[in-house]
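The block underneath contains the structure these notes are about, expressed in structure tokens.
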Amino acid sequence: MFGKAYLIASGLLALALSAFSAPALADGKTLVNDYCTACHAENDTGGLARISEVRKTPEGWDMTIFRMEHLHGLELDGDERQAIIKYLAAENGLAPSEAAPFRYVLEQRAHFVDSAVNDDLDALCGRCHTNARYGLQRRTETDWLKHMHFHIGQFPSLEYQARSRDRHWWKEVTTTTYKELAKLYPFQTAAWDVWKAAKPTNPVGEWRVTGHRPGTGDYEGTLRISRDGDQYSAVYDLRGMDGKKLSGDSKAIIYTGYEWRGSGVLNGIDTREVYALSEDGNRMTGRWYQADHYDIGGEFQAVRMDGAEAQVLLKSSDFIRAGQHKKITLYGTNLTGKVKADKGLDLKIIDQNSTTVTLDIGADKNITPGSYHVAVGQAETTLIVYDKIDRIRIVPDWTIARVGGGNTPPVTAQFEAVAYMKGDVKIGIMPAKWQAANFNEDAEQMKDVEFAGHIDQNGRFMPAGAGPNKARKYATNNAGNLSIIATITEDGRAISGKAQLIVTVQRWNTPPIR
Amino acid sequence: MRKIIFFLAFFSLLITGAVAEDREYLITGSKPGYIHILDMKKQAVVRSHKVPNSGHTIFSFTPAPDGKVVYVLTNRMKSISGIDVDTGEQVFRADFVEGDIRRQAFFAFDVSRDGKELYVYQLSTRIMLSEYRQLPTRIAVYNTADGLNAKPVRSFEAPRRIHMLMKSTDDKWLYAAGFDIYKMNPQTGEIVETLPLRNWTLKNRSLPDVLDFWPLWDQTDIFSTPVYSVKTDKAPDDPAAYKTGLLTLDLSTGKYDINDFENTSVLIFSTVISPDRKHAFGTYTQLSRIDLNSHKLTGRIDQDHTYYAINIAKDGKEVYVGGAACDVATYDTVTLKKTGQIFLPKGCGDQSTASFRIIHRAALTP
């Protein structure tokens with residue numbers, strides 16, 4: 001119901017950042033009192049009705065404000081909106097441990113596995129939402145019940161949908177489900193009490209960055225964070241394993257003491273950042289993605305340089321073949337110690353500094369395949385030595401893509417080929433030849449592979465355009481059920497792996513938490 | 001000149017003579033807020049009326065028994081608008097909202113056979129300052145004579161999840177289809193009989209799955225709908241475990257039947273009974289014909305695209321499929337060959353889940 005409007009508004013959390021002056025965030029508490037108390041009266045505990053009975057992520061509060069604007073006539077300017085969300089996420093947010101199981105949704109991943117605590121919740125909530133949607137909320141028992149009343153009042157079709165028709169939906173959610181949710185996701189938790197009382201950490205300083213861009217490869221470099229009023233500025237100096245620079249900057253707000261939400265530019269492309277600071281404030285992990293394509297982005301890990309232990313965070317390659325020589329670079333912090341390796345590996349240091357060690361590594365021809373240690377002082381890592389590839393596993397082994405068109409960009413699917421040797425030992429990601437095929441007889445009959453889109457040689461599947469296609473049987477759209485096949489040729493022998501891809505229709509409703 | 005005028009007058013008398021004849025029209029709805037009157041024998045759209053304050057979508061509609069007015073559920077399910085079929089004038093309006101209570105009708109409503117009353121199933125929500133409160137579901141009754149500001153003349157509580165309301169042809173009963181089909185006293189709402197659906201007693205059978213909001217009984221007064229269920233004594237990978245059946249309820253006699261007719265192989269959204277009561281026809285992506293004596297599928301063809309709703313000509317020779325996109329196709333009931341296709345006027349969004357009704361009335365002048 002909020003579909004198109006959300007297309008415009010969904011980026012608000014991040015978009016708003018660049019629009020207003022850094023130090024001018026208005027006082028959130030005053031604004032909540034100014035705007036919200038017209039409807040939300042003071043409750044028994046001295047808080048505000050509903051507002052003080054729920055806890056949410058910043059995205060959750062953003063969606064609440066959006067609903068108030070679109071259904072209940074709330075009018076706010078960008079600064080006020082931002083300040084209210086920041087205030088509510090600080091006062092009534094989630095502890096890091098509470099948000100941790102569901103970060104995949106906050107991080108706008110196109111591929112994730114989302115499972116419910118039980119089949120009933122999957123049917124009652126998970127059939128429309130991700131299970132993260134309600135898993136990222138905390139409410140009093142009374143408020144969970146009010147939430148059910150809101151649902152049926154706002155979405156009268158609820159009781160008529162598949163997985164409602166097999167049950168007395170309304171009776172179930174108002175007698176059992178709300179109590180179950182209140183137990184699973186209670187308003188009061190020790191984790192939140194402790195987190196709310198904790199002193200916030202300060203992210204200002206130098207950070208060592210490593211990450212992975214599916215389909216493109218790993219990257220590494222540094223990040224410098226400085227304070228900018230109520231916000232933070234970040235400057236990235238990164239490099240891909242191919243040596244290509246990846247640089248840019250961003251501005252970010254930290255919500256709830258750990259939820260980093262940034263908006264920036266990397267190599268000229270607008271990006272969004274969803275990271276979480278660790279509870280000790282020395283590590284930041286998450287994902288960045290293209291502002292106009294949430295399906296394209298990178299895994300992100302940053303470690304505070306100051307006081308960092310000796311550690312290897314990334315290697316330019318995870319494996320070497322028996323009988324081969326290979327240049328492998330280790331990226332990390334405090335890599336100043338002596339370089340050593342397990343017997344069977346021959347090491348030559350090409351270059352070494354505190355963040356990077358480049359080695360020429362030789363693996364003996366008769367070495368036993370397996371995992372071998374490499375150490376730089378206290379920092380330890382492992383390299384896989386393999387003799388030959390046994391099988392290819394495509395990651396993810398099944399996923400979806402969405403056709404696109406008009407205001408709704410296509411959602412691509414990115415695959416990677418991971419090689420394994422005998423004994424099911426993972427070797428690592430390898431380049432492969434990619435192709436798509438019809439998954440089964442039905443797909444064959446509908447000629448899905450001709451219509452649904454195409455896969456490039458980096459393993460990215462680009463779906464075809466949306467809408468009815470007169471060239472297809474039933475004039476149906478370009479949906480399809482495909483096999484994705486990756487083939488690696490080793491010593492003249494072709495080894496293939498297979499994944500399944502469902503190319504499906506657009507998602508019209510794209511709120512920040514699906 | 002005089003001769004010409006005389007001739008024209010004579011000719012128009014002929015036309016006027018034709019007006020008195022019973023004619024058949026198909027009614028469909030489309031976004032943004034239109035109803036269309038189609039002459040299927042002529043394969044022409046003869047009227048397109050914009051429904052006032054429609055909020056874009058036409059949900060269900062039901063024509064008055066005399067075919068002069070069509071009552072349209074619209075305005076995001078919050079209003080029923082009565083539209084004069086000939087002129088397009090709004091002659092009836094019931095906006096359901098009542099103070100802080102928001103009421104919405106989820107497709108289910110019907111008009112009494114004497115044309116005097118509308119029965120509307122409503123979900124009710126009290127919109128409070130900082131919360132919503134769901135109120136009991138109910139059936140509200142409106143007088144069709146109450147004009148543009150109609151209010152319920154009576155109302156009574158009704159079970160949840162009703163998707164279809166049907167008046168019996170003698171107006172003595174109101175049938176409400178939901179988990180089961182409830183036969184109600186239309187004055188009091190008292191449930192006098194429950195026709196089992198969820199509470200069916202078939203052995204080794206899952207709960208039946210039914211969702212139908214297409215009132216398509218214009219030619220026979222028999223409501224029909226596909227019923228999906230699973231035989232629990234069969235292995236899940238056995239195609240014979242999955243059954244499609246047909247539920248029929250005769251609104252004249254009250255006769256109620258459910259019979260399987262195939263192992264589920266395609267989806268059927270809606271069905272219609274032939275005027276000779278020998279066949280049922282169903283649509284979605286295929287057009288299906290079911291023999292009602294043997295309960296067997298006797299024909300199936302792929303349609304050009306997916307349609308949601310189906311209706312049939314009085315002579316039983318043609319079925320019409322609509323809903324979904326912006327065209328209405330005609331198929332021969334014997335050969336199942338497509339014999340016609342009408343495109344709705346330019347600007348049609350889509351028919352979506354709009355009803356698909358047939359009226360009989362005096363001819364509409366071009």
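Residue numbering restarts at 1 for every chain of the structure tokens, chains are lettered A, B, ... in their displayed order, and ligands are numbered from 1 as they appear.
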
For chain B against chain A, which residues fall within 9 Å using only C-alpha atoms, given as a PyMOL selection string? chain B and resi 102+104-106+123-134+160-163+179+198+207-211+285+302-306

Write the residues of the preceding selection, restricted to C-alpha atoms, as a PDB file, in the first residue's frame.
ATOM      1  CA  ARG B 102     -13.789   2.879   9.499  1.00  0.00           C
ATOM      2  CA  GLN B 104     -14.614  -1.710   4.681  1.00  0.00           C
ATOM      3  CA  ALA B 105     -16.382  -4.349   2.623  1.00  0.00           C
ATOM      4  CA  PHE B 106     -14.166  -7.109   1.362  1.00  0.00           C
ATOM      5  CA  LEU B 123     -14.972  -5.155   8.616  1.00  0.00           C
ATOM      6  CA  SER B 124     -15.027  -2.407  11.209  1.00  0.00           C
ATOM      7  CA  THR B 125     -12.123  -0.647  12.874  1.00  0.00           C
ATOM      8  CA  ARG B 126     -12.326   2.077  15.460  1.00  0.00           C
ATOM      9  CA  ILE B 127      -9.577   4.590  14.698  1.00  0.00           C
ATOM     10  CA  MET B 128      -8.477   5.976  18.032  1.00  0.00           C
ATOM     11  CA  LEU B 129      -5.865   8.593  18.766  1.00  0.00           C
ATOM     12  CA  SER B 130      -2.906   6.264  19.016  1.00  0.00           C
ATOM     13  CA  GLU B 131      -4.345   2.853  18.255  1.00  0.00           C
ATOM     14  CA  TYR B 132      -6.817   0.932  16.115  1.00  0.00           C
ATOM     15  CA  ARG B 133      -9.369  -1.371  17.627  1.00  0.00           C
ATOM     16  CA  GLN B 134     -10.962  -4.097  15.572  1.00  0.00           C
ATOM     17  CA  ARG B 160     -15.203 -13.440  10.121  1.00  0.00           C
ATOM     18  CA  ARG B 161     -13.628 -14.063   6.724  1.00  0.00           C
ATOM     19  CA  ILE B 162     -16.832 -13.924   4.648  1.00  0.00           C
ATOM     20  CA  HIS B 163     -15.968 -13.507   0.955  1.00  0.00           C
ATOM     21  CA  PHE B 179     -14.976 -20.889   6.492  1.00  0.00           C
ATOM     22  CA  ARG B 198     -14.090 -26.210   6.654  1.00  0.00           C
ATOM     23  CA  LEU B 207      -9.173 -28.685   4.912  1.00  0.00           C
ATOM     24  CA  PRO B 208     -10.633 -27.386   1.656  1.00  0.00           C
ATOM     25  CA  ASP B 209      -9.164 -24.185   0.276  1.00  0.00           C
ATOM     26  CA  VAL B 210     -11.641 -21.764  -1.271  1.00  0.00           C
ATOM     27  CA  LEU B 211     -11.349 -18.092  -2.067  1.00  0.00           C
ATOM     28  CA  THR B 285      -4.668 -19.223 -17.628  1.00  0.00           C
ATOM     29  CA  ASP B 302      -4.710 -22.411 -23.151  1.00  0.00           C
ATOM     30  CA  GLN B 303      -5.972 -18.847 -23.274  1.00  0.00           C
ATOM     31  CA  ASP B 304      -3.963 -15.971 -24.727  1.00  0.00           C
ATOM     32  CA  HIS B 305      -3.272 -14.779 -21.211  1.00  0.00           C
ATOM     33  CA  THR B 306      -4.544 -15.071 -17.673  1.00  0.00           C
TER      34      THR B 306
END

Determine, counting only C-alpha atoms, which protein, DNA and RNA residues have an atom within 10 Å of an atom of segment 377-386 of chain A; residues of the same chain fewer than 5 positions away are not included. Present the result as a PyMOL selection string. chain A and resi 309-315+317-324+328+330+332-342+344-345+363-364+367-372+420-422+425-428

Output the selection as a PDB file, in the first residue's frame - C-alpha atoms for each residue.
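As written to disk, result_34.pdb reads:
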ATOM      1  CA  GLU A 309      46.473  -6.889  17.751  1.00  0.00           C
ATOM      2  CA  ALA A 310      48.602  -8.674  15.175  1.00  0.00           C
ATOM      3  CA  GLN A 311      46.125 -10.246  12.799  1.00  0.00           C
ATOM      4  CA  VAL A 312      45.671 -11.262   9.189  1.00  0.00           C
ATOM      5  CA  LEU A 313      42.319  -9.992   7.941  1.00  0.00           C
ATOM      6  CA  LEU A 314      42.540 -10.908   4.279  1.00  0.00           C
ATOM      7  CA  LYS A 315      44.770 -12.768   1.809  1.00  0.00           C
ATOM      8  CA  SER A 317      44.426 -15.726  -2.383  1.00  0.00           C
ATOM      9  CA  ASP A 318      43.288 -18.438  -0.003  1.00  0.00           C
ATOM     10  CA  PHE A 319      44.908 -21.334  -1.841  1.00  0.00           C
ATOM     11  CA  ILE A 320      47.854 -22.651  -3.808  1.00  0.00           C
ATOM     12  CA  ARG A 321      48.127 -25.768  -5.923  1.00  0.00           C
ATOM     13  CA  ALA A 322      50.711 -28.431  -5.058  1.00  0.00           C
ATOM     14  CA  GLY A 323      53.814 -27.930  -7.161  1.00  0.00           C
ATOM     15  CA  GLN A 324      53.075 -24.247  -7.794  1.00  0.00           C
ATOM     16  CA  ILE A 328      50.208 -14.030  -2.047  1.00  0.00           C
ATOM     17  CA  LEU A 330      48.498 -10.872   3.573  1.00  0.00           C
ATOM     18  CA  GLY A 332      46.040  -7.007   8.395  1.00  0.00           C
ATOM     19  CA  THR A 333      47.288  -5.062  11.393  1.00  0.00           C
ATOM     20  CA  ASN A 334      50.609  -5.200  13.258  1.00  0.00           C
ATOM     21  CA  LEU A 335      52.163  -7.575  10.718  1.00  0.00           C
ATOM     22  CA  THR A 336      55.684  -6.805  11.893  1.00  0.00           C
ATOM     23  CA  GLY A 337      56.648 -10.197  13.297  1.00  0.00           C
ATOM     24  CA  LYS A 338      58.669 -13.021  11.829  1.00  0.00           C
ATOM     25  CA  VAL A 339      57.086 -14.874   8.884  1.00  0.00           C
ATOM     26  CA  LYS A 340      56.847 -18.645   9.267  1.00  0.00           C
ATOM     27  CA  ALA A 341      54.951 -21.469   7.600  1.00  0.00           C
ATOM     28  CA  ASP A 342      54.202 -25.149   8.091  1.00  0.00           C
ATOM     29  CA  GLY A 344      56.069 -28.133   2.831  1.00  0.00           C
ATOM     30  CA  LEU A 345      55.580 -24.444   2.041  1.00  0.00           C
ATOM     31  CA  ALA A 363      54.100 -25.585  -2.445  1.00  0.00           C
ATOM     32  CA  ASP A 364      56.061 -28.771  -2.773  1.00  0.00           C
ATOM     33  CA  ILE A 367      52.977 -32.046  -0.344  1.00  0.00           C
ATOM     34  CA  THR A 368      49.912 -33.617   1.309  1.00  0.00           C
ATOM     35  CA  PRO A 369      46.896 -31.505   0.311  1.00  0.00           C
ATOM     36  CA  GLY A 370      45.220 -29.725   3.181  1.00  0.00           C
ATOM     37  CA  SER A 371      45.328 -26.689   5.394  1.00  0.00           C
ATOM     38  CA  TYR A 372      48.730 -25.071   6.156  1.00  0.00           C
ATOM     39  CA  TYR A 420      36.337 -27.932  -3.258  1.00  0.00           C
ATOM     40  CA  MET A 421      38.874 -30.722  -3.173  1.00  0.00           C
ATOM     41  CA  LYS A 422      38.357 -34.311  -2.071  1.00  0.00           C
ATOM     42  CA  VAL A 425      37.669 -29.242   1.802  1.00  0.00           C
ATOM     43  CA  LYS A 426      36.918 -25.754   0.521  1.00  0.00           C
ATOM     44  CA  ILE A 427      39.650 -24.355  -1.730  1.00  0.00           C
ATOM     45  CA  GLY A 428      38.182 -20.971  -2.547  1.00  0.00           C
TER      46      GLY A 428
END

Could you give me, as a count of residues only, each residue of segment 195-392 of chain A that DSSP assigns to strand (DSSP E) when run on this structure's backbone? 132

Could you pull out all residues of segment 60-165 of chain B with a DSSP call of helix (DSSP H, G or I) and give them as a compact mmCIF listing (two decimals) with C-alpha atoms, in the first residue's frame?
# COMPACT_ATOMS: atom_id res chain seq x y z
CA THR B 144 -31.62 1.03 -2.35
CA ALA B 145 -34.22 3.79 -2.35
CA ASP B 146 -32.20 5.85 0.13
CA GLY B 147 -30.36 7.89 -2.48
CA LEU B 148 -26.97 9.46 -2.18
CA ASN B 149 -26.49 9.39 1.58

Minimum-distance residue to Asp350 of chain B, chosen among B:Thr330, B:Thr244, B:Thr28, B:Thr283 (using only C-alpha atoms): B:Thr28

Long-range neighbours of Asn478 of chain A as a ChimeraX atom specification, 8 Å cut-off, only C-alpha atoms, 3 positions minimum in chain: /A:403,448,451-453,464-469,503-504

Rounded to one decimal in Å, what is the spacing between atom CA of Ser224 of chain B and atom CA of Asp260 of chain B?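 That distance, rounded to one decimal, is 12.9 Å.
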
With a distance cut-off of 12 Å and only C-alpha atoms, select the neighbouring residues of Asn118 of chain A, excluding the residue or stretch itself and same-chain residues fewer than 2 positions from it, and output the selection as a list in words.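 Counting only C-alpha atoms, the residues come to Asp114, Ser115, Ala116, Asp120, Leu121, Asp122, Ala123, Leu124, Cys125, Gly126, Asn131, Thr177, Glu180, Leu181 and Leu184 of chain A.
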
Show me, as number ranges by chain, the residues that have an atom within 7 Å of Arg205 of chain B when counting only C-alpha atoms, minus same-chain residues fewer than 2 positions from it. B: 202-203, 207, 229-232
